[in-house]
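The structure file start.csv is reproduced below (CSV, C-alpha atoms).
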```csv
chain,number,residue,atom,x,y,z
A,25,MET,CA,46.9,191.4,136.6
A,26,ARG,CA,47.0,191.0,140.4
A,27,SER,CA,50.1,191.8,142.4
A,28,PHE,CA,51.7,189.2,144.7
A,29,SER,CA,53.7,189.5,147.9
A,30,ILE,CA,55.8,186.4,148.6
A,31,CYS,CA,56.3,186.0,152.4
A,32,MET,CA,58.8,183.7,154.0
A,33,ILE,CA,60.2,183.0,157.5
A,34,VAL,CA,63.8,181.6,157.6
A,35,LYS,CA,66.6,180.6,159.8
A,36,ASN,CA,69.9,179.1,158.7
A,37,GLU,CA,68.6,178.1,155.2
A,38,ALA,CA,71.8,178.8,153.2
A,39,ASP,CA,72.0,175.3,151.8
A,40,ILE,CA,68.6,175.6,150.1
A,41,LEU,CA,67.3,179.1,150.0
A,42,GLU,CA,68.8,180.2,146.7
A,43,GLU,CA,67.0,177.4,144.8
A,44,THR,CA,63.7,178.3,146.4
A,45,LEU,CA,64.0,182.0,145.6
A,46,GLU,CA,65.2,181.3,142.1
A,47,SER,CA,62.1,179.2,141.4
A,48,VAL,CA,59.8,182.1,142.4
A,49,LYS,CA,61.8,184.9,140.8
A,50,GLY,CA,59.5,187.1,138.8
A,51,VAL,CA,56.3,185.5,140.3
A,52,GLY,CA,56.1,187.9,143.2
A,53,ASP,CA,56.0,191.7,143.0
A,54,GLU,CA,57.9,191.8,146.3
A,55,ILE,CA,59.6,189.1,148.4
A,56,ILE,CA,59.5,189.6,152.1
A,57,ILE,CA,62.0,187.6,154.2
A,58,VAL,CA,61.6,187.5,158.0
A,59,ASP,CA,64.7,186.0,159.6
A,60,THR,CA,64.3,184.4,163.1
A,61,GLY,CA,68.0,184.3,164.0
A,62,SER,CA,70.3,183.0,161.2
A,63,THR,CA,73.9,182.5,162.0
A,64,ASP,CA,75.0,181.5,158.5
A,65,ASN,CA,74.8,183.5,155.2
A,66,THR,CA,71.1,183.1,154.7
A,67,LYS,CA,70.6,186.9,154.7
A,68,ASP,CA,73.4,187.4,152.1
A,69,ILE,CA,71.6,185.0,149.8
A,70,ALA,CA,68.2,186.7,150.4
A,71,LYS,CA,69.8,190.1,149.5
A,72,LYS,CA,70.3,188.8,145.9
A,73,TYR,CA,66.5,188.7,145.5
A,74,THR,CA,65.1,191.3,147.8
A,75,ASP,CA,65.9,194.2,150.1
A,76,LEU,CA,62.8,193.5,152.2
A,77,ILE,CA,64.6,191.5,154.9
A,78,PHE,CA,63.4,191.9,158.6
A,79,ASP,CA,64.6,190.4,161.9
A,80,PHE,CA,62.2,188.7,164.3
A,81,LYS,CA,63.2,187.6,167.7
A,82,TRP,CA,62.3,183.9,168.0
A,83,ILE,CA,59.7,183.2,170.7
A,84,ASP,CA,58.9,179.5,170.0
A,85,ASP,CA,55.9,180.6,168.0
A,86,PHE,CA,55.7,179.9,164.3
A,87,ALA,CA,52.4,181.7,163.9
A,88,ALA,CA,53.8,184.9,165.4
A,89,ALA,CA,56.6,184.8,162.9
A,90,ARG,CA,54.3,184.1,160.0
A,91,ASN,CA,52.0,187.0,161.0
A,92,ALA,CA,55.0,189.3,161.3
A,93,SER,CA,56.0,188.5,157.7
A,94,TYR,CA,52.4,189.2,156.5
A,95,SER,CA,52.4,192.5,158.3
A,96,TYR,CA,55.1,193.8,155.8
A,97,ALA,CA,53.1,192.8,152.7
A,98,THR,CA,51.7,195.6,150.5
A,99,LYS,CA,50.4,193.8,147.4
A,100,ASP,CA,46.9,192.4,146.5
A,101,TYR,CA,47.6,188.8,147.5
A,102,ILE,CA,50.1,187.1,149.8
A,103,LEU,CA,51.7,183.8,148.8
A,104,PHE,CA,53.6,182.0,151.6
A,105,MET,CA,56.6,179.8,150.8
A,106,ASP,CA,58.9,177.8,153.1
A,107,ALA,CA,62.6,177.9,152.6
A,108,ASP,CA,62.6,174.3,151.4
A,109,ASP,CA,59.7,174.8,149.0
A,110,PHE,CA,60.3,174.8,145.3
A,111,LEU,CA,58.1,175.9,142.4
A,112,PRO,CA,58.7,173.6,139.3
A,113,ASP,CA,58.7,175.3,135.9
A,114,GLU,CA,55.3,173.9,134.8
A,115,GLU,CA,53.7,175.0,138.1
A,116,ARG,CA,55.3,178.4,137.8
A,117,ALA,CA,53.6,178.8,134.4
A,118,LYS,CA,50.3,177.9,135.9
A,119,LEU,CA,50.8,180.3,138.8
A,120,LEU,CA,51.6,183.2,136.4
A,121,GLN,CA,48.5,182.4,134.5
A,122,LEU,CA,46.5,182.5,137.7
A,123,LYS,CA,48.1,185.8,138.6
A,124,LYS,CA,47.0,187.2,135.2
A,125,ASN,CA,43.3,186.0,135.5
A,126,LEU,CA,42.6,186.0,139.2
A,127,ASP,CA,39.3,187.7,140.1
A,128,MET,CA,39.5,190.0,143.2
A,129,SER,CA,36.3,188.2,144.5
A,130,VAL,CA,38.6,185.2,145.4
A,131,ASP,CA,39.6,185.4,149.0
A,132,ALA,CA,42.0,182.4,149.0
A,133,VAL,CA,43.5,179.9,146.7
A,134,SER,CA,44.5,176.4,147.7
A,135,MET,CA,47.4,174.6,146.1
A,136,PHE,CA,48.8,171.1,146.5
A,137,THR,CA,51.9,170.6,148.6
A,138,VAL,CA,53.8,167.6,147.3
A,139,THR,CA,56.3,166.2,149.9
A,140,GLY,CA,57.8,163.5,147.8
A,141,VAL,CA,58.1,162.0,144.4
A,142,ASP,CA,58.9,158.4,143.4
A,143,GLU,CA,61.8,157.3,141.2
A,144,PHE,CA,59.8,158.1,138.1
A,145,GLY,CA,59.1,161.7,139.2
A,146,ASN,CA,55.5,161.1,140.1
A,147,PRO,CA,54.0,162.7,143.3
A,148,ILE,CA,53.8,160.2,146.2
A,149,PHE,CA,52.3,162.3,149.0
A,150,LYS,CA,50.3,165.5,148.6
A,151,PHE,CA,47.8,167.6,150.5
A,152,ARG,CA,46.1,171.0,150.0
A,153,ARG,CA,47.1,174.2,151.8
A,154,HIS,CA,45.7,177.7,151.5
A,155,ARG,CA,48.8,179.2,149.8
A,156,LEU,CA,47.5,182.5,148.4
A,157,VAL,CA,45.2,184.9,150.3
A,158,LYS,CA,43.8,188.4,149.7
A,159,ARG,CA,45.9,190.8,151.9
A,160,SER,CA,42.9,193.1,152.7
A,161,ASN,CA,41.2,190.2,154.5
A,162,HIS,CA,43.9,190.2,157.2
A,163,PHE,CA,43.8,186.4,157.6
A,164,LYS,CA,45.9,185.3,160.6
A,165,TRP,CA,48.1,182.3,161.4
A,166,HIS,CA,47.4,180.3,164.5
A,167,GLY,CA,49.4,177.8,166.5
A,168,SER,CA,52.9,177.9,167.9
A,169,VAL,CA,53.8,174.7,166.1
A,170,HIS,CA,52.4,173.3,162.9
A,171,GLU,CA,50.7,176.6,162.4
A,172,TYR,CA,47.7,177.0,160.2
A,173,LEU,CA,46.2,179.9,158.3
A,174,GLU,CA,42.6,180.6,159.1
A,175,VAL,CA,40.7,181.6,156.0
A,176,GLY,CA,37.2,182.0,154.8
A,177,GLY,CA,35.0,183.4,152.0
A,178,ASN,CA,35.4,182.5,148.3
A,179,ILE,CA,38.0,179.8,148.0
A,180,PHE,CA,39.4,178.6,144.7
A,181,HIS,CA,41.0,175.1,144.6
A,182,SER,CA,43.7,175.2,142.0
A,183,ASP,CA,45.7,172.3,140.5
A,184,ILE,CA,49.0,174.0,141.1
A,185,TYR,CA,51.5,172.2,143.3
A,186,ILE,CA,54.6,173.3,145.2
A,187,LEU,CA,57.3,170.8,146.0
A,188,HIS,CA,58.3,170.6,149.6
A,189,ARG,CA,61.9,169.3,149.7
A,190,LYS,CA,62.4,168.6,153.4
A,191,GLN,CA,64.8,165.8,152.5
A,192,LYS,CA,67.2,168.2,150.9
A,193,LYS,CA,67.5,170.4,154.0
A,194,LYS,CA,70.3,169.9,156.4
A,195,ILE,CA,68.7,169.3,159.8
A,196,ASP,CA,70.9,169.2,162.9
A,197,LYS,CA,69.9,167.5,166.2
A,198,GLU,CA,68.7,170.8,167.7
A,199,ARG,CA,66.4,171.6,164.7
A,200,ARG,CA,65.1,168.0,164.5
A,201,ARG,CA,63.9,168.2,168.1
A,202,ARG,CA,62.7,171.8,167.9
A,203,ASN,CA,59.0,171.1,167.6
A,204,LEU,CA,59.0,168.4,170.2
A,205,ASN,CA,60.9,170.7,172.6
A,206,ILE,CA,58.3,173.5,172.1
A,207,TYR,CA,55.5,171.1,173.0
A,208,GLU,CA,57.4,169.8,176.1
A,209,LYS,CA,57.9,173.4,177.2
A,210,LYS,CA,54.2,174.1,176.8
A,211,LEU,CA,53.5,171.0,179.0
A,212,LYS,CA,55.9,172.2,181.7
A,213,ARG,CA,54.2,175.6,181.7
A,214,GLY,CA,50.8,173.9,182.2
A,215,ASP,CA,49.4,175.0,178.9
A,216,VAL,CA,46.1,173.5,177.9
A,217,PHE,CA,46.5,171.6,174.6
A,218,SER,CA,43.9,172.2,171.9
A,219,PRO,CA,42.8,169.1,170.0
A,220,ARG,CA,45.1,170.2,167.2
A,221,ASP,CA,48.0,170.5,169.6
A,222,LEU,CA,47.3,166.9,170.8
A,223,PHE,CA,47.4,165.6,167.3
A,224,TYR,CA,50.6,167.3,166.3
A,225,TYR,CA,52.3,166.5,169.6
A,226,ALA,CA,51.4,162.8,169.1
A,227,ASN,CA,53.0,163.1,165.6
A,228,GLU,CA,56.2,164.5,167.0
A,229,LEU,CA,56.3,161.7,169.6
A,230,LYS,CA,55.8,159.1,166.8
A,231,ASP,CA,58.4,160.6,164.6
A,232,HIS,CA,60.9,160.4,167.5
A,233,GLY,CA,60.2,156.8,168.2
A,234,LYS,CA,58.2,157.4,171.4
A,235,PHE,CA,55.4,155.0,170.2
A,236,GLN,CA,53.7,154.3,173.5
A,237,LYS,CA,53.5,157.9,174.5
A,238,ALA,CA,52.2,158.7,171.0
A,239,VAL,CA,49.5,156.0,171.4
A,240,GLU,CA,48.3,157.8,174.5
A,241,GLN,CA,48.2,161.2,172.8
A,242,TYR,CA,46.4,159.9,169.7
A,243,THR,CA,43.9,158.2,171.9
A,244,LYS,CA,43.4,161.4,173.9
A,245,PHE,CA,42.9,163.4,170.7
A,246,LEU,CA,40.4,160.9,169.2
A,247,ASN,CA,38.5,160.7,172.4
A,248,SER,CA,38.1,164.5,172.4
A,249,ARG,CA,35.9,164.2,169.3
A,250,GLU,CA,36.8,167.8,168.4
A,251,GLY,CA,39.4,167.2,165.7
A,252,TRP,CA,39.0,168.0,162.0
A,253,VAL,CA,37.8,165.0,160.1
A,254,GLU,CA,41.1,164.6,158.1
A,255,ASP,CA,43.2,164.9,161.3
A,256,ASN,CA,41.0,162.2,162.9
A,257,ILE,CA,41.6,159.9,160.0
A,258,ARG,CA,45.3,160.5,160.0
A,259,ALA,CA,45.4,160.0,163.8
A,260,CYS,CA,43.9,156.5,163.2
A,261,ILE,CA,46.5,155.7,160.5
A,262,TYR,CA,49.4,157.0,162.6
A,263,LEU,CA,48.0,155.1,165.7
A,264,ALA,CA,48.1,152.0,163.6
A,265,ASP,CA,51.7,152.8,162.7
A,266,CYS,CA,52.6,153.0,166.4
A,267,HIS,CA,50.9,149.7,167.2
A,268,ARG,CA,52.7,148.0,164.3
A,269,SER,CA,56.0,149.3,165.7
A,270,LEU,CA,55.0,148.0,169.1
A,271,GLY,CA,54.0,144.6,167.7
A,272,ASN,CA,50.3,145.1,168.5
A,273,HIS,CA,48.9,143.8,165.2
A,274,LEU,CA,45.3,143.4,166.4
A,275,GLU,CA,45.3,147.0,167.7
A,276,GLU,CA,46.8,148.0,164.4
A,277,MET,CA,43.8,146.6,162.5
A,278,GLU,CA,41.4,148.1,165.0
A,279,ALA,CA,42.9,151.6,164.6
A,280,LEU,CA,42.7,151.4,160.8
A,281,ALA,CA,39.1,150.2,161.0
A,282,LYS,CA,38.2,153.0,163.4
A,283,SER,CA,39.1,155.6,160.7
A,284,ILE,CA,35.9,154.6,158.8
A,285,VAL,CA,33.9,156.0,161.7
A,286,PHE,CA,34.9,159.5,160.5
A,287,ASP,CA,34.3,159.2,156.7
A,288,ILE,CA,34.5,156.9,153.7
A,289,PRO,CA,37.6,154.6,153.8
A,290,ARG,CA,40.7,156.3,152.5
A,291,PRO,CA,42.6,154.3,149.9
A,292,GLU,CA,45.6,154.0,152.2
A,293,VAL,CA,43.4,152.5,154.9
A,294,SER,CA,41.8,150.1,152.5
A,295,CYS,CA,45.2,149.0,151.1
A,296,ARG,CA,46.7,148.5,154.5
A,297,LEU,CA,43.7,146.3,155.6
A,298,GLY,CA,44.1,144.5,152.3
A,299,ASP,CA,47.8,143.9,153.0
A,300,MET,CA,47.0,142.5,156.5
A,301,TYR,CA,44.6,139.9,155.0
A,302,LYS,CA,47.0,139.1,152.2
A,303,GLU,CA,49.8,138.5,154.7
A,304,LYS,CA,47.4,135.8,156.2
A,305,ASN,CA,46.7,134.3,152.8
A,306,MET,CA,43.1,135.4,153.1
A,307,PHE,CA,43.1,136.5,149.4
A,308,ASP,CA,39.3,136.8,148.9
A,309,LYS,CA,39.1,139.3,151.8
A,310,ALA,CA,42.2,141.2,150.7
A,311,ILE,CA,40.6,141.7,147.2
A,312,ILE,CA,37.6,143.3,148.7
A,313,TRP,CA,39.7,146.0,150.4
A,314,TYR,CA,42.0,146.6,147.4
A,315,ARG,CA,39.0,147.0,145.1
A,316,LEU,CA,37.5,149.5,147.5
A,317,ALA,CA,40.8,151.6,147.3
A,318,ILE,CA,40.4,151.7,143.5
A,319,GLU,CA,36.6,152.5,143.5
A,320,ILE,CA,36.4,155.4,145.9
A,321,ASP,CA,36.8,158.8,144.4
A,322,VAL,CA,39.3,160.9,146.3
A,323,SER,CA,39.8,163.7,143.9
A,324,ASP,CA,37.9,166.3,146.0
A,325,LEU,CA,39.4,165.3,149.4
A,326,LEU,CA,41.3,168.0,151.2
A,327,GLY,CA,43.4,165.8,153.4
A,328,PHE,CA,46.7,163.9,152.9
A,329,GLN,CA,46.8,161.6,149.9
A,330,TYR,CA,49.3,158.9,149.0
A,331,GLU,CA,48.6,158.6,145.3
A,332,GLN,CA,49.9,155.0,145.0
A,333,TYR,CA,47.1,153.7,147.2
A,334,SER,CA,44.4,154.8,144.7
A,335,THR,CA,46.4,154.0,141.5
A,336,TRP,CA,48.9,151.2,140.8
A,337,TYR,CA,49.4,149.6,144.2
A,338,PRO,CA,46.0,148.0,144.7
A,339,HIS,CA,46.0,146.7,141.1
A,340,LEU,CA,49.4,145.1,141.7
A,341,GLN,CA,48.2,143.4,144.9
A,342,ILE,CA,44.9,142.2,143.4
A,343,CYS,CA,46.9,140.7,140.5
A,344,VAL,CA,48.8,138.6,143.1
A,345,CYS,CA,45.6,137.7,145.0
A,346,TYR,CA,43.6,136.6,142.0
A,347,TRP,CA,46.5,134.4,140.8
A,348,HIS,CA,46.6,132.6,144.2
A,349,ILE,CA,42.9,131.8,144.1
A,350,GLY,CA,43.2,130.6,140.5
A,351,ASN,CA,41.5,133.4,138.5
A,352,LYS,CA,44.3,134.0,135.9
A,353,GLU,CA,42.1,136.2,133.7
A,354,LEU,CA,41.4,138.8,136.4
A,355,SER,CA,45.0,138.5,137.6
A,356,PHE,CA,46.3,139.5,134.2
A,357,TYR,CA,43.7,142.3,133.9
A,358,HIS,CA,44.9,143.9,137.1
A,359,HIS,CA,48.5,143.5,136.0
A,360,GLN,CA,47.7,145.5,132.9
A,361,LYS,CA,46.0,148.2,135.0
A,362,ALA,CA,49.1,148.5,137.3
A,363,LYS,CA,51.3,148.6,134.2
A,364,GLU,CA,49.4,151.7,132.9
A,365,TYR,CA,50.7,153.6,135.9
A,366,ARG,CA,54.2,152.3,136.3
A,367,PRO,CA,55.4,150.4,133.2
A,368,ASP,CA,59.0,150.7,134.4
A,369,ASP,CA,58.5,149.4,137.9
A,370,LYS,CA,60.7,146.2,138.4
A,371,ARG,CA,57.9,144.3,140.1
A,372,ILE,CA,55.5,145.0,137.2
A,373,GLN,CA,58.1,144.2,134.7
A,374,TYR,CA,58.7,140.9,136.5
A,375,ASN,CA,55.0,140.1,136.3
A,376,GLU,CA,55.0,141.1,132.6
A,377,GLN,CA,57.7,138.5,131.9
A,378,PHE,CA,55.8,136.0,134.0
A,379,PHE,CA,52.6,136.4,132.0
A,380,LYS,CA,54.5,136.3,128.7
A,381,LYS,CA,56.0,133.0,129.7
A,382,ILE,CA,52.6,131.6,130.6
A,383,GLU,CA,51.3,132.7,127.2
A,384,GLU,CA,54.3,131.2,125.3
A,385,ASN,CA,53.8,127.9,127.2
A,386,ASN,CA,50.1,127.8,126.4
A,387,ALA,CA,50.9,128.5,122.7
A,388,GLU,CA,53.4,125.6,122.6
A,389,GLY,CA,51.0,123.3,124.3
```

What's the structure tokens form of this structure?
Amino acid sequence: MRSFSICMIVKNEADILEETLESVKGVGDEIIIVDTGSTDNTKDIAKKYTDLIFDFKWIDDFAAARNASYSYATKDYILFMDADDFLPDEERAKLLQLKKNLDMSVDAVSMFTVTGVDEFGNPIFKFRRHRLVKRSNHFKWHGSVHEYLEVGGNIFHSDIYILHRKQKKKIDKERRRRNLNIYEKKLKRGDVFSPRDLFYYANELKDHGKFQKAVEQYTKFLNSREGWVEDNIRACIYLADCHRSLGNHLEEMEALAKSIVFDIPRPEVSCRLGDMYKEKNMFDKAIIWYRLAIEIDVSDLLGFQYEQYSTWYPHLQICVCYWHIGNKELSFYHHQKAKEYRPDDKRIQYNEQFFKKIEENNAEG
């Protein structure tokens, strides 16, 4: 069995930290907490689970804090967790099994991060991250904001997922603007932004409602032609979001279509293009895009994934489109497919009753 160091950086996490630490209790052979300046009882909570608690003076650099936490690790592998992460029981069992069987030839293990679940407990949005790395490889974090761990070698892609519960975290005004403030300080200093910086700076602008400025930064990022393919695709999608917020619907469609330059159409892009044609009652064209969302295999993609766009959502919309063009048989078929994924969804239950009435009327006739 391999030994694990769990490394975390924290600041004022008292409202959520205990749940996180409880969820990984017994998984790690040591838990390392690096505190970047808590003023609440975060450290007191951490002391219930570990005595490896270290202070780190905050210097507006997340990578530096992450690397500091890794420097204290002593076990075979390092698992990073955020204070608002949570390891569900089923995933905990998978991780313990991985710990038991992990071959030392593996340099890193990727796991899914799930950032939200629907009302039925199904993952909505997920993406892969390199969560577990061999300590002796001395992999380093890079980037002052939205940091990333640079890894290489033999990478194992697991099906384990960790739930990121950002919505449960109490975020004050200062913390909400923290990342944007860091980028603005970098700009004032005259720092040269990497393509990755441009992408995440644009994301911060978008999230703060500065849509026109975000458009400028996304455009600058895409024009650099130096971004990771998945970031390029997300930039196109987020650029479309900004144009929609600004009322620029033609530019919205152009941004979505531009994403196809970088790789196969992502289901989210296909569904959104389908939605735009459906809104114009161009049902035949909408069906083409919805079908594409269903047919493309996204199981091996490493980027962000909204599961609804490759499962129930396109079937639900195709059901409506086929009904409007008079193909009742295919409309019912896609209703049945949507029902397989979300039988308790109110929209799908409404359609179920609708089709039952049609069937009853036909039987009476």

- Task: Using only C-alpha atoms, find the one residue out of A:Ser294, A:Gln373, A:Thr243, A:Asn272 that sits nearest to Pro338 in chain A.
- Result: A:Ser294

- Within 10 Å of (62.2, 186.0, 151.9), in the coordinates the file gives, what residues turn up when you count only C-alpha atoms, written out as a PyMOL selection string? chain A and resi 30-34+41+44-45+54-59+66-67+69-71+73-78+93+104-107

Go ahead and save the picked residues with C-alpha atoms, as a PDB file, keeping the file's coordinate frame.
```pdb
ATOM      1  CA  ILE A  30      55.800 186.400 148.600  1.00  0.00           C
ATOM      2  CA  CYS A  31      56.300 186.000 152.400  1.00  0.00           C
ATOM      3  CA  MET A  32      58.800 183.700 154.000  1.00  0.00           C
ATOM      4  CA  ILE A  33      60.200 183.000 157.500  1.00  0.00           C
ATOM      5  CA  VAL A  34      63.800 181.600 157.600  1.00  0.00           C
ATOM      6  CA  LEU A  41      67.300 179.100 150.000  1.00  0.00           C
ATOM      7  CA  THR A  44      63.700 178.300 146.400  1.00  0.00           C
ATOM      8  CA  LEU A  45      64.000 182.000 145.600  1.00  0.00           C
ATOM      9  CA  GLU A  54      57.900 191.800 146.300  1.00  0.00           C
ATOM     10  CA  ILE A  55      59.600 189.100 148.400  1.00  0.00           C
ATOM     11  CA  ILE A  56      59.500 189.600 152.100  1.00  0.00           C
ATOM     12  CA  ILE A  57      62.000 187.600 154.200  1.00  0.00           C
ATOM     13  CA  VAL A  58      61.600 187.500 158.000  1.00  0.00           C
ATOM     14  CA  ASP A  59      64.700 186.000 159.600  1.00  0.00           C
ATOM     15  CA  THR A  66      71.100 183.100 154.700  1.00  0.00           C
ATOM     16  CA  LYS A  67      70.600 186.900 154.700  1.00  0.00           C
ATOM     17  CA  ILE A  69      71.600 185.000 149.800  1.00  0.00           C
ATOM     18  CA  ALA A  70      68.200 186.700 150.400  1.00  0.00           C
ATOM     19  CA  LYS A  71      69.800 190.100 149.500  1.00  0.00           C
ATOM     20  CA  TYR A  73      66.500 188.700 145.500  1.00  0.00           C
ATOM     21  CA  THR A  74      65.100 191.300 147.800  1.00  0.00           C
ATOM     22  CA  ASP A  75      65.900 194.200 150.100  1.00  0.00           C
ATOM     23  CA  LEU A  76      62.800 193.500 152.200  1.00  0.00           C
ATOM     24  CA  ILE A  77      64.600 191.500 154.900  1.00  0.00           C
ATOM     25  CA  PHE A  78      63.400 191.900 158.600  1.00  0.00           C
ATOM     26  CA  SER A  93      56.000 188.500 157.700  1.00  0.00           C
ATOM     27  CA  PHE A 104      53.600 182.000 151.600  1.00  0.00           C
ATOM     28  CA  MET A 105      56.600 179.800 150.800  1.00  0.00           C
ATOM     29  CA  ASP A 106      58.900 177.800 153.100  1.00  0.00           C
ATOM     30  CA  ALA A 107      62.600 177.900 152.600  1.00  0.00           C
TER      31      ALA A 107
END
```

Please report as JSON lines every residue of range 226-270 of chain A lying within 9 Å of range 204-212 of chain A, along with the nearest atom pair and their distance in Å (one decimal), using only C-alpha atoms.
```
{"residue": "A:Glu228", "atom": "CA", "partner": "A:Leu204", "partner_atom": "CA", "distance": 5.8}
{"residue": "A:Leu229", "atom": "CA", "partner": "A:Leu204", "partner_atom": "CA", "distance": 7.2}
{"residue": "A:His232", "atom": "CA", "partner": "A:Leu204", "partner_atom": "CA", "distance": 8.7}
```

- Atom pair CA of Lys244 in chain A / CA of Asp231 in chain A: separation (Å): 17.7 Å

- Work out how far apart CA of Cys295 in chain A and CA of Asp321 in chain A are and give it in Å to one decimal.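 Atom-to-atom, CA of Cys295 in chain A and CA of Asp321 in chain A are spaced 14.5 Å apart.
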
- Item | Contact residues around Asp64 in chain A with all atoms listed in the file at 10 Å, ignoring same-chain residues under 2 positions, as a ChimeraX atom specification | /A:35-39,61-62,66-69

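With distances restricted to only C-alpha atoms, A:Ala259 is the closest residue to Arg220 in chain A from A:Leu156, A:Ala238, A:Ala317, A:Ala259.
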
Any chance you could model all heavy atoms for range 249-255 of chain A and send them as an mmCIF file, in the coordinates of the input?
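What follows is the written file result_4.cif:
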```cif
data_model
loop_
_atom_site.group_PDB
_atom_site.id
_atom_site.type_symbol
_atom_site.label_atom_id
_atom_site.label_comp_id
_atom_site.auth_asym_id
_atom_site.auth_seq_id
_atom_site.Cartn_x
_atom_site.Cartn_y
_atom_site.Cartn_z
ATOM 1 N N ARG A 249 36.902 164.028 170.340
ATOM 2 C CA ARG A 249 35.900 164.200 169.300
ATOM 3 C C ARG A 249 35.727 165.612 168.812
ATOM 4 O O ARG A 249 34.670 166.045 168.410
ATOM 5 C CB ARG A 249 34.507 163.657 169.821
ATOM 6 C CG ARG A 249 34.526 162.189 170.199
ATOM 7 C CD ARG A 249 33.156 161.665 170.570
ATOM 8 N NE ARG A 249 33.191 160.247 170.882
ATOM 9 C CZ ARG A 249 33.134 159.258 169.992
ATOM 10 N NH1 ARG A 249 33.010 159.560 168.714
ATOM 11 N NH2 ARG A 249 33.167 157.993 170.368
ATOM 12 N N GLU A 250 36.820 166.361 168.869
ATOM 13 C CA GLU A 250 36.800 167.800 168.400
ATOM 14 C C GLU A 250 37.744 168.052 167.294
ATOM 15 O O GLU A 250 37.903 169.198 166.883
ATOM 16 C CB GLU A 250 37.149 168.665 169.638
ATOM 17 C CG GLU A 250 36.132 168.624 170.766
ATOM 18 C CD GLU A 250 36.536 169.501 171.939
ATOM 19 O OE1 GLU A 250 37.515 170.274 171.779
ATOM 20 O OE2 GLU A 250 35.888 169.426 172.989
ATOM 21 N N GLY A 251 38.374 167.014 166.770
ATOM 22 C CA GLY A 251 39.400 167.200 165.700
ATOM 23 C C GLY A 251 38.711 167.362 164.337
ATOM 24 O O GLY A 251 37.577 166.935 164.116
ATOM 25 N N TRP A 252 39.453 167.980 163.418
ATOM 26 C CA TRP A 252 39.000 168.000 162.000
ATOM 27 C C TRP A 252 39.001 166.628 161.475
ATOM 28 O O TRP A 252 39.812 165.784 161.833
ATOM 29 C CB TRP A 252 40.066 168.903 161.260
ATOM 30 C CG TRP A 252 39.820 169.048 159.791
ATOM 31 C CD1 TRP A 252 38.626 169.276 159.179
ATOM 32 C CD2 TRP A 252 40.801 168.978 158.745
ATOM 33 N NE1 TRP A 252 38.794 169.366 157.809
ATOM 34 C CE2 TRP A 252 40.124 169.192 157.512
ATOM 35 C CE3 TRP A 252 42.193 168.782 158.725
ATOM 36 C CZ2 TRP A 252 40.771 169.193 156.283
ATOM 37 C CZ3 TRP A 252 42.837 168.790 157.502
ATOM 38 C CH2 TRP A 252 42.147 168.992 156.303
ATOM 39 N N VAL A 253 38.041 166.339 160.603
ATOM 40 C CA VAL A 253 37.800 165.000 160.100
ATOM 41 C C VAL A 253 39.095 164.378 159.524
ATOM 42 O O VAL A 253 39.410 163.200 159.772
ATOM 43 C CB VAL A 253 36.640 164.917 159.126
ATOM 44 C CG1 VAL A 253 36.908 165.780 157.897
ATOM 45 C CG2 VAL A 253 36.348 163.482 158.720
ATOM 46 N N GLU A 254 39.845 165.170 158.751
ATOM 47 C CA GLU A 254 41.100 164.600 158.100
ATOM 48 C C GLU A 254 42.133 164.337 159.176
ATOM 49 O O GLU A 254 42.883 163.366 159.041
ATOM 50 C CB GLU A 254 41.594 165.597 157.076
ATOM 51 C CG GLU A 254 40.654 165.817 155.904
ATOM 52 C CD GLU A 254 40.389 164.548 155.099
ATOM 53 O OE1 GLU A 254 41.234 163.629 155.124
ATOM 54 O OE2 GLU A 254 39.343 164.482 154.418
ATOM 55 N N ASP A 255 42.217 165.156 160.218
ATOM 56 C CA ASP A 255 43.200 164.900 161.300
ATOM 57 C C ASP A 255 42.742 163.616 162.061
ATOM 58 O O ASP A 255 43.594 162.827 162.496
ATOM 59 C CB ASP A 255 43.253 166.060 162.259
ATOM 60 C CG ASP A 255 44.041 167.231 161.674
ATOM 61 O OD1 ASP A 255 44.699 167.041 160.633
ATOM 62 O OD2 ASP A 255 43.979 168.328 162.255
#
```
